[in-house]
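Next comes data-v3.pdb, with PDB, C-alpha atoms and all ligand atoms.
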MODEL        1
ATOM      1  CA  MET A   1      -1.251  -6.367  -7.525
ATOM      2  CA  TYR A   2      -1.386  -3.247  -5.336
ATOM      3  CA  ASN A   3      -1.669  -0.149  -7.520
ATOM      4  CA  LYS A   4      -0.070   2.971  -6.034
ATOM      5  CA  GLU A   5      -2.281   5.143  -8.228
ATOM      6  CA  ASN A   6      -4.888   5.674  -5.529
ATOM      7  CA  ILE A   7      -5.775   8.595  -3.301
ATOM      8  CA  PHE A   8      -5.088   6.818   0.010
ATOM      9  CA  TYR A   9      -1.529   6.031  -1.028
ATOM     10  CA  ARG A  10      -1.054   9.761  -1.567
ATOM     11  CA  ILE A  11      -2.545  10.526   1.860
ATOM     12  CA  LEU A  12      -0.175   7.980   3.444
ATOM     13  CA  LYS A  13       2.755   9.686   1.745
ATOM     14  CA  SER A  14       1.465  13.107   2.929
ATOM     15  CA  GLU A  15       1.147  14.250  -0.675
ATOM     16  CA  ILE A  16      -2.407  15.380  -0.022
ATOM     17  CA  PRO A  17      -3.932  16.451   3.291
ATOM     18  CA  ALA A  18      -6.425  14.586   5.426
ATOM     19  CA  LYS A  19      -8.146  15.441   8.687
ATOM     20  CA  ILE A  20      -6.302  12.900  10.800
ATOM     21  CA  ILE A  21      -7.817  11.440  13.955
ATOM     22  CA  TYR A  22      -5.224   8.868  14.944
ATOM     23  CA  GLU A  23      -2.118   7.166  13.623
ATOM     24  CA  ASN A  24       0.181   4.342  14.722
ATOM     25  CA  ASP A  25       2.590   1.862  13.096
ATOM     26  CA  VAL A  26      -0.088  -0.114  11.267
ATOM     27  CA  ALA A  27      -2.945   2.276  10.554
ATOM     28  CA  LEU A  28      -3.993   5.817   9.809
ATOM     29  CA  SER A  29      -7.461   7.177  10.545
ATOM     30  CA  PHE A  30      -9.032  10.300   9.091
ATOM     31  CA  TYR A  31     -12.442  11.807   8.342
ATOM     32  CA  ASP A  32     -14.188  10.761   5.143
ATOM     33  CA  ILE A  33     -14.343  13.694   2.745
ATOM     34  CA  ARG A  34     -17.983  12.908   1.832
ATOM     35  CA  PRO A  35     -19.598  11.857   5.133
ATOM     36  CA  LEU A  36     -22.686   9.687   4.820
ATOM     37  CA  LYS A  37     -23.482   9.878   8.531
ATOM     38  CA  LYS A  38     -22.839  12.334  11.365
ATOM     39  CA  ILE A  39     -19.641  10.464  12.107
ATOM     40  CA  HIS A  40     -17.948   8.878   9.123
ATOM     41  CA  VAL A  41     -14.288   8.097   9.377
ATOM     42  CA  LEU A  42     -11.895   5.790   7.625
ATOM     43  CA  VAL A  43      -9.167   3.571   9.021
ATOM     44  CA  ILE A  44      -6.615   2.524   6.422
ATOM     45  CA  THR A  45      -3.655   0.190   6.689
ATOM     46  CA  LYS A  46      -0.147   1.554   6.422
ATOM     47  CA  GLY A  47       0.765  -1.645   4.615
ATOM     48  CA  LEU A  48      -0.064  -1.693   0.932
ATOM     49  CA  TYR A  49      -3.067  -4.009   0.521
ATOM     50  CA  SER A  50      -5.647  -3.452  -2.165
ATOM     51  CA  ASN A  51      -8.621  -4.961  -0.315
ATOM     52  CA  PHE A  52      -9.724  -7.103   2.627
ATOM     53  CA  GLY A  53      -8.749 -10.398   0.970
ATOM     54  CA  ASP A  54      -5.273  -9.098   0.161
ATOM     55  CA  PHE A  55      -4.878  -7.871   3.758
ATOM     56  CA  VAL A  56      -5.947 -11.163   5.351
ATOM     57  CA  ALA A  57      -3.822 -13.227   2.965
ATOM     58  CA  ASN A  58      -0.653 -11.169   3.216
ATOM     59  CA  ALA A  59      -0.482  -9.224   6.487
ATOM     60  CA  SER A  60       1.146 -10.764   9.568
ATOM     61  CA  ILE A  61      -1.093 -11.991  12.372
ATOM     62  CA  GLN A  62       0.233  -9.151  14.526
ATOM     63  CA  GLU A  63      -0.619  -6.600  11.858
ATOM     64  CA  VAL A  64      -4.149  -7.973  11.461
ATOM     65  CA  LYS A  65      -4.661  -7.879  15.230
ATOM     66  CA  ASP A  66      -3.198  -4.380  15.596
ATOM     67  CA  PHE A  67      -5.274  -3.057  12.709
ATOM     68  CA  TRP A  68      -8.587  -4.216  14.208
ATOM     69  CA  ALA A  69      -7.500  -3.008  17.642
ATOM     70  CA  THR A  70      -6.900   0.380  16.033
ATOM     71  CA  VAL A  71     -10.393   0.411  14.514
ATOM     72  CA  SER A  72     -11.752  -0.204  18.016
ATOM     73  CA  LYS A  73      -9.519   2.494  19.511
ATOM     74  CA  VAL A  74     -10.689   5.061  16.957
ATOM     75  CA  ALA A  75     -14.309   4.187  17.827
ATOM     76  CA  ASP A  76     -13.395   4.865  21.467
ATOM     77  CA  LEU A  77     -11.722   8.171  20.609
ATOM     78  CA  LEU A  78     -14.810   9.289  18.688
ATOM     79  CA  GLU A  79     -16.972   8.046  21.577
ATOM     80  CA  VAL A  80     -19.214   6.061  19.226
ATOM     81  CA  SER A  81     -18.290   2.935  21.159
ATOM     82  CA  ARG A  82     -20.626   4.327  23.847
ATOM     83  CA  THR A  83     -23.581   4.911  21.502
ATOM     84  CA  GLY A  84     -22.995   2.274  18.820
ATOM     85  CA  TYR A  85     -21.489   2.241  15.379
ATOM     86  CA  ARG A  86     -21.154   0.247  12.175
ATOM     87  CA  ILE A  87     -17.959  -0.891  10.463
ATOM     88  CA  VAL A  88     -18.009  -1.490   6.720
ATOM     89  CA  SER A  89     -15.403  -2.539   4.198
ATOM     90  CA  ASN A  90     -16.216  -2.457   0.510
ATOM     91  CA  ASN A  91     -14.443  -5.070  -1.556
ATOM     92  CA  GLY A  92     -14.470  -5.265  -5.303
ATOM     93  CA  PRO A  93     -16.722  -3.955  -8.066
ATOM     94  CA  ASP A  94     -20.114  -5.146  -6.808
ATOM     95  CA  SER A  95     -19.535  -3.392  -3.461
ATOM     96  CA  GLY A  96     -18.741  -0.098  -5.150
ATOM     97  CA  GLN A  97     -15.196  -0.020  -3.733
ATOM     98  CA  GLU A  98     -13.855   3.273  -4.954
ATOM     99  CA  VAL A  99     -10.355   3.335  -3.501
ATOM    100  CA  GLU A 100      -8.190   0.252  -3.985
ATOM    101  CA  HIS A 101      -6.329   0.476  -0.704
ATOM    102  CA  PHE A 102      -7.777  -1.620   2.130
ATOM    103  CA  HIS A 103      -9.850   0.462   4.540
ATOM    104  CA  VAL A 104     -12.704   0.268   6.979
ATOM    105  CA  HIS A 105     -15.466   2.840   7.349
ATOM    106  CA  ILE A 106     -16.706   3.673  10.861
ATOM    107  CA  LEU A 107     -20.225   5.098  10.761
ATOM    108  CA  GLY A 108     -22.153   6.430  13.722
ATOM    109  CA  GLY A 109     -23.139   9.466  15.744
ATOM    110  CA  GLU A 110     -26.813   8.935  14.910
ATOM    111  CA  LYS A 111     -29.349   6.115  14.440
ATOM    112  CA  LEU A 112     -28.281   4.062  11.420
TER     113      LEU A 112
HETATM  114  P1  LIG A 201     -14.917   2.888  -0.745
HETATM  115  O1  LIG A 201     -16.108   2.958  -1.637
HETATM  116  O2  LIG A 201     -15.115   1.954   0.392
HETATM  117  O3  LIG A 201     -13.646   2.632  -1.526
HETATM  118  O4  LIG A 201     -14.826   4.311  -0.070
HETATM  119  C1  LIG A 201     -13.854   5.264  -0.316
HETATM  120  C2  LIG A 201     -14.177   6.450   0.550
HETATM  121  O5  LIG A 201     -13.091   7.361   0.498
HETATM  122  C3  LIG A 201     -15.424   7.236   0.119
HETATM  123  O6  LIG A 201     -16.361   7.248   1.201
HETATM  124  C4  LIG A 201     -14.886   8.634  -0.185
HETATM  125  O7  LIG A 201     -15.750   9.658   0.219
HETATM  126  C5  LIG A 201     -13.585   8.663   0.593
HETATM  127  N1  LIG A 201     -12.569   9.554   0.080
HETATM  128  C6  LIG A 201     -12.168   9.704  -1.208
HETATM  129  N2  LIG A 201     -11.178  10.615  -1.303
HETATM  130  C7  LIG A 201     -10.948  11.054  -0.024
HETATM  131  C8  LIG A 201     -10.033  11.984   0.561
HETATM  132  N3  LIG A 201      -9.163  12.682  -0.186
HETATM  133  N4  LIG A 201     -10.088  12.182   1.898
HETATM  134  C9  LIG A 201     -10.974  11.501   2.651
HETATM  135  N5  LIG A 201     -11.834  10.598   2.174
HETATM  136  C10 LIG A 201     -11.831  10.374   0.850
ENDMDL
END
Represent the supplied structure as structure tokens.
Amino acid sequence: MYNKENIFYRILKSEIPAKIIYENDVALSFYDIRPLKKIHVLVITKGLYSNFGDFVANASIQEVKDFWATVSKVADLLEVSRTGYRIVSNNGPDSGQEVEHFHVHILGGEKL
């Protein structure tokens, strides 16, 4: 059910560039191309999951744990863990999910 015809798959394969913040075995983090807040970054899975439900249903427990630990680490690297931040994941049509590869937005750097 995962469709490789999405922009994040191409970023994962290094077919198109991204401003990368951090990378490990399970996740890749880079700046959102259309920032909605002073700090707006994305953390995407390296595994091919189309949305949150797919990720939770099909990733290993270790992968789920490591992914969320990575989200927290990126917040530390950006120093928004000191000032506060919001994490958001859009899932499905009503949410406006644009890219069908599971990802989390980290928003911060200002009052939200
Ligand atoms: P969502 O609505 O949760 O699927 O959000 C997808 C996000 O990906 C949007 O905030 C876009 O601005 C962002 N985006 C789309 N293409 C790129 C890209 N090439 N590099 C970085 N961010 C992107």
Evaluate the PyMOL selection byres (((chain A and resi 92-95) around 10) and not hetatm) on the structure here and hand back the selected residues as a list in words.
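With the PyMOL selection byres (((chain A and resi 92-95) around 10) and not hetatm) on this model, the match is Ser50, Asn51, Phe52, Gly53, Ser89, Asn90, Asn91, Gly96, Gln97, Glu98, Val99 and Glu100 of chain A.
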Name every residue that the PyMOL selection byres (((not hetatm)) within 12 of (chain A and resi 201)) selects in this structure, writing the answer as a PDB file with C-alpha atoms, keeping the file's coordinate frame with chains first and numbers rising.
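As written to disk, expr.pdb reads:
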ATOM      1  CA  ASN A   6      -4.888   5.674  -5.529  1.00  0.00           C
ATOM      2  CA  ILE A   7      -5.775   8.595  -3.301  1.00  0.00           C
ATOM      3  CA  PHE A   8      -5.088   6.818   0.010  1.00  0.00           C
ATOM      4  CA  TYR A   9      -1.529   6.031  -1.028  1.00  0.00           C
ATOM      5  CA  ARG A  10      -1.054   9.761  -1.567  1.00  0.00           C
ATOM      6  CA  ILE A  11      -2.545  10.526   1.860  1.00  0.00           C
ATOM      7  CA  LEU A  12      -0.175   7.980   3.444  1.00  0.00           C
ATOM      8  CA  SER A  14       1.465  13.107   2.929  1.00  0.00           C
ATOM      9  CA  GLU A  15       1.147  14.250  -0.675  1.00  0.00           C
ATOM     10  CA  ILE A  16      -2.407  15.380  -0.022  1.00  0.00           C
ATOM     11  CA  PRO A  17      -3.932  16.451   3.291  1.00  0.00           C
ATOM     12  CA  ALA A  18      -6.425  14.586   5.426  1.00  0.00           C
ATOM     13  CA  LYS A  19      -8.146  15.441   8.687  1.00  0.00           C
ATOM     14  CA  ILE A  20      -6.302  12.900  10.800  1.00  0.00           C
ATOM     15  CA  ILE A  21      -7.817  11.440  13.955  1.00  0.00           C
ATOM     16  CA  LEU A  28      -3.993   5.817   9.809  1.00  0.00           C
ATOM     17  CA  SER A  29      -7.461   7.177  10.545  1.00  0.00           C
ATOM     18  CA  PHE A  30      -9.032  10.300   9.091  1.00  0.00           C
ATOM     19  CA  TYR A  31     -12.442  11.807   8.342  1.00  0.00           C
ATOM     20  CA  ASP A  32     -14.188  10.761   5.143  1.00  0.00           C
ATOM     21  CA  ILE A  33     -14.343  13.694   2.745  1.00  0.00           C
ATOM     22  CA  ARG A  34     -17.983  12.908   1.832  1.00  0.00           C
ATOM     23  CA  PRO A  35     -19.598  11.857   5.133  1.00  0.00           C
ATOM     24  CA  LEU A  36     -22.686   9.687   4.820  1.00  0.00           C
ATOM     25  CA  LYS A  37     -23.482   9.878   8.531  1.00  0.00           C
ATOM     26  CA  ILE A  39     -19.641  10.464  12.107  1.00  0.00           C
ATOM     27  CA  HIS A  40     -17.948   8.878   9.123  1.00  0.00           C
ATOM     28  CA  VAL A  41     -14.288   8.097   9.377  1.00  0.00           C
ATOM     29  CA  LEU A  42     -11.895   5.790   7.625  1.00  0.00           C
ATOM     30  CA  VAL A  43      -9.167   3.571   9.021  1.00  0.00           C
ATOM     31  CA  ILE A  44      -6.615   2.524   6.422  1.00  0.00           C
ATOM     32  CA  SER A  50      -5.647  -3.452  -2.165  1.00  0.00           C
ATOM     33  CA  ASN A  51      -8.621  -4.961  -0.315  1.00  0.00           C
ATOM     34  CA  PHE A  52      -9.724  -7.103   2.627  1.00  0.00           C
ATOM     35  CA  ILE A  87     -17.959  -0.891  10.463  1.00  0.00           C
ATOM     36  CA  VAL A  88     -18.009  -1.490   6.720  1.00  0.00           C
ATOM     37  CA  SER A  89     -15.403  -2.539   4.198  1.00  0.00           C
ATOM     38  CA  ASN A  90     -16.216  -2.457   0.510  1.00  0.00           C
ATOM     39  CA  ASN A  91     -14.443  -5.070  -1.556  1.00  0.00           C
ATOM     40  CA  GLY A  92     -14.470  -5.265  -5.303  1.00  0.00           C
ATOM     41  CA  PRO A  93     -16.722  -3.955  -8.066  1.00  0.00           C
ATOM     42  CA  ASP A  94     -20.114  -5.146  -6.808  1.00  0.00           C
ATOM     43  CA  SER A  95     -19.535  -3.392  -3.461  1.00  0.00           C
ATOM     44  CA  GLY A  96     -18.741  -0.098  -5.150  1.00  0.00           C
ATOM     45  CA  GLN A  97     -15.196  -0.020  -3.733  1.00  0.00           C
ATOM     46  CA  GLU A  98     -13.855   3.273  -4.954  1.00  0.00           C
ATOM     47  CA  VAL A  99     -10.355   3.335  -3.501  1.00  0.00           C
ATOM     48  CA  GLU A 100      -8.190   0.252  -3.985  1.00  0.00           C
ATOM     49  CA  HIS A 101      -6.329   0.476  -0.704  1.00  0.00           C
ATOM     50  CA  PHE A 102      -7.777  -1.620   2.130  1.00  0.00           C
ATOM     51  CA  HIS A 103      -9.850   0.462   4.540  1.00  0.00           C
ATOM     52  CA  VAL A 104     -12.704   0.268   6.979  1.00  0.00           C
ATOM     53  CA  HIS A 105     -15.466   2.840   7.349  1.00  0.00           C
ATOM     54  CA  ILE A 106     -16.706   3.673  10.861  1.00  0.00           C
ATOM     55  CA  LEU A 107     -20.225   5.098  10.761  1.00  0.00           C
TER      56      LEU A 107
END
Need the shell around Val74 (chain A): protein/DNA/RNA residues with any atom at most 8 Å away, counting all atoms listed in the file. Skip same-chain ones fewer than 3 positions apart. Format as a count of residues only?
7
Would you please work out which residue, of A:Lys38, A:Glu5, A:Trp68, A:Gly84, is nearest to Phe55 (chain A) when using only C-alpha atoms?
A:Trp68
Centre and edge lengths, as AutoDock Vina command-line options, for the axis-aligned box enclosing every listed atom of region 36-45 of chain A with 3 Å of padding on each of the six sides, in Å to one decimal?
--center_x -13.6 --center_y 6.3 --center_z 8.5 --size_x 25.8 --size_y 18.1 --size_z 13.3
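Counting only C-alpha atoms and comparing A:Gly109, A:Val64, A:Gly47, A:Lys73, the residue that lies closest to Arg86 (chain A) is A:Gly109.
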Just to confirm, what's the straight-line distance from CA of Asp54 (chain A) to CA of Tyr85 (chain A) in Å (one decimal)?
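Pair CA of Asp54 (chain A) / CA of Tyr85 (chain A) returns 25.0 Å.
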